[in-house]
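Some notes on the structure that comes next.
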Amino acid sequence: MANWISMKLAAEKYGISEERILEWIRLSYLTYSSLDKEPYDDTNPMVDTEELDKALVFNSIKSYPDDETVERLPIEHVNWLYQENARLEKFNDDLLEQNYVHTQREEKLIADLEKMTNLANEVLLLHAKVVDNYKSRISEKEGIWAFLCSLFTWKKNKCLI
């Protein structure tokens, strides 16, 4: 059977705020009774103490569980868990270090590839100049000897610059 008391009296008796009781009424944790009014209109609705006791037990937080709720582990298992955690952390650190080394190597390879590409472009430009020079020498009908001489003197002049 319900034991009805006013919200103000319940707040004083149980040491909780009236706002919390109103919130529990809103969440339908508590049964209330208001005389022809909605609980939001009634400033002091009646609450059932049995349900208030149940709500307090339901919403209570125990800082230390009793022995029946704690599962005990052997100390060897706990030590093994710590060792496994340390091993996995070291493995993770090693992987991060390898990843860093591979990233540095990849950056170096990309830089070397850019240098090689630039050198290949220079070789292609030199080849185009040689072909143009060869065509102009052949068209001048001076022969291959004049072409070779101009090629070596051109390289010599280029190296001196």
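In the structure tokens, each chain is lettered A, B, ... as it comes, each chain's residues begin at 1, and ligands are numbered from 1 in order of appearance.
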
Which polymer residues have any atom within 12 Å of an atom of range 11-17 of chain A, counting only C-alpha atoms, with same-chain residues fewer than 3 positions away left out, as a list in words? Ile5, Ser6, Met7, Lys8, Arg20, Ile21, Leu22, Glu23, Trp24, Asn44, Pro45, Met46, Val47, Thr49, Leu52, Asp53, Ala55, Leu56 and Val57 of chain A

Writing out the chosen residues with C-alpha atoms as a CSV table (one decimal), in the first residue's frame:
```
chain,number,residue,atom,x,y,z
A,5,ILE,CA,3.9,12.3,1.6
A,6,SER,CA,4.4,15.8,0.2
A,7,MET,CA,7.4,16.5,-2.0
A,8,LYS,CA,8.8,19.0,0.5
A,20,ARG,CA,15.5,16.0,-8.2
A,21,ILE,CA,12.2,14.7,-7.1
A,22,LEU,CA,10.4,16.7,-9.8
A,23,GLU,CA,12.9,15.3,-12.3
A,24,TRP,CA,12.2,11.7,-11.2
A,44,ASN,CA,4.0,20.4,-3.9
A,45,PRO,CA,2.7,17.0,-5.4
A,46,MET,CA,2.4,14.0,-3.2
A,47,VAL,CA,4.9,11.1,-3.8
A,49,THR,CA,7.7,6.8,-0.3
A,52,LEU,CA,11.1,6.9,-3.6
A,53,ASP,CA,13.0,4.3,-1.7
A,55,ALA,CA,14.5,5.2,-6.9
A,56,LEU,CA,17.1,6.0,-4.3
A,57,VAL,CA,18.4,2.5,-4.3
```

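Atom pair CA of Ser33 in chain A / CA of Glu18 in chain A has a distance of 15.3 Å (rounded to one decimal).
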
Interatomic distance between CA of Asp132 in chain A and CA of Leu119 in chain A? 19.9 Å
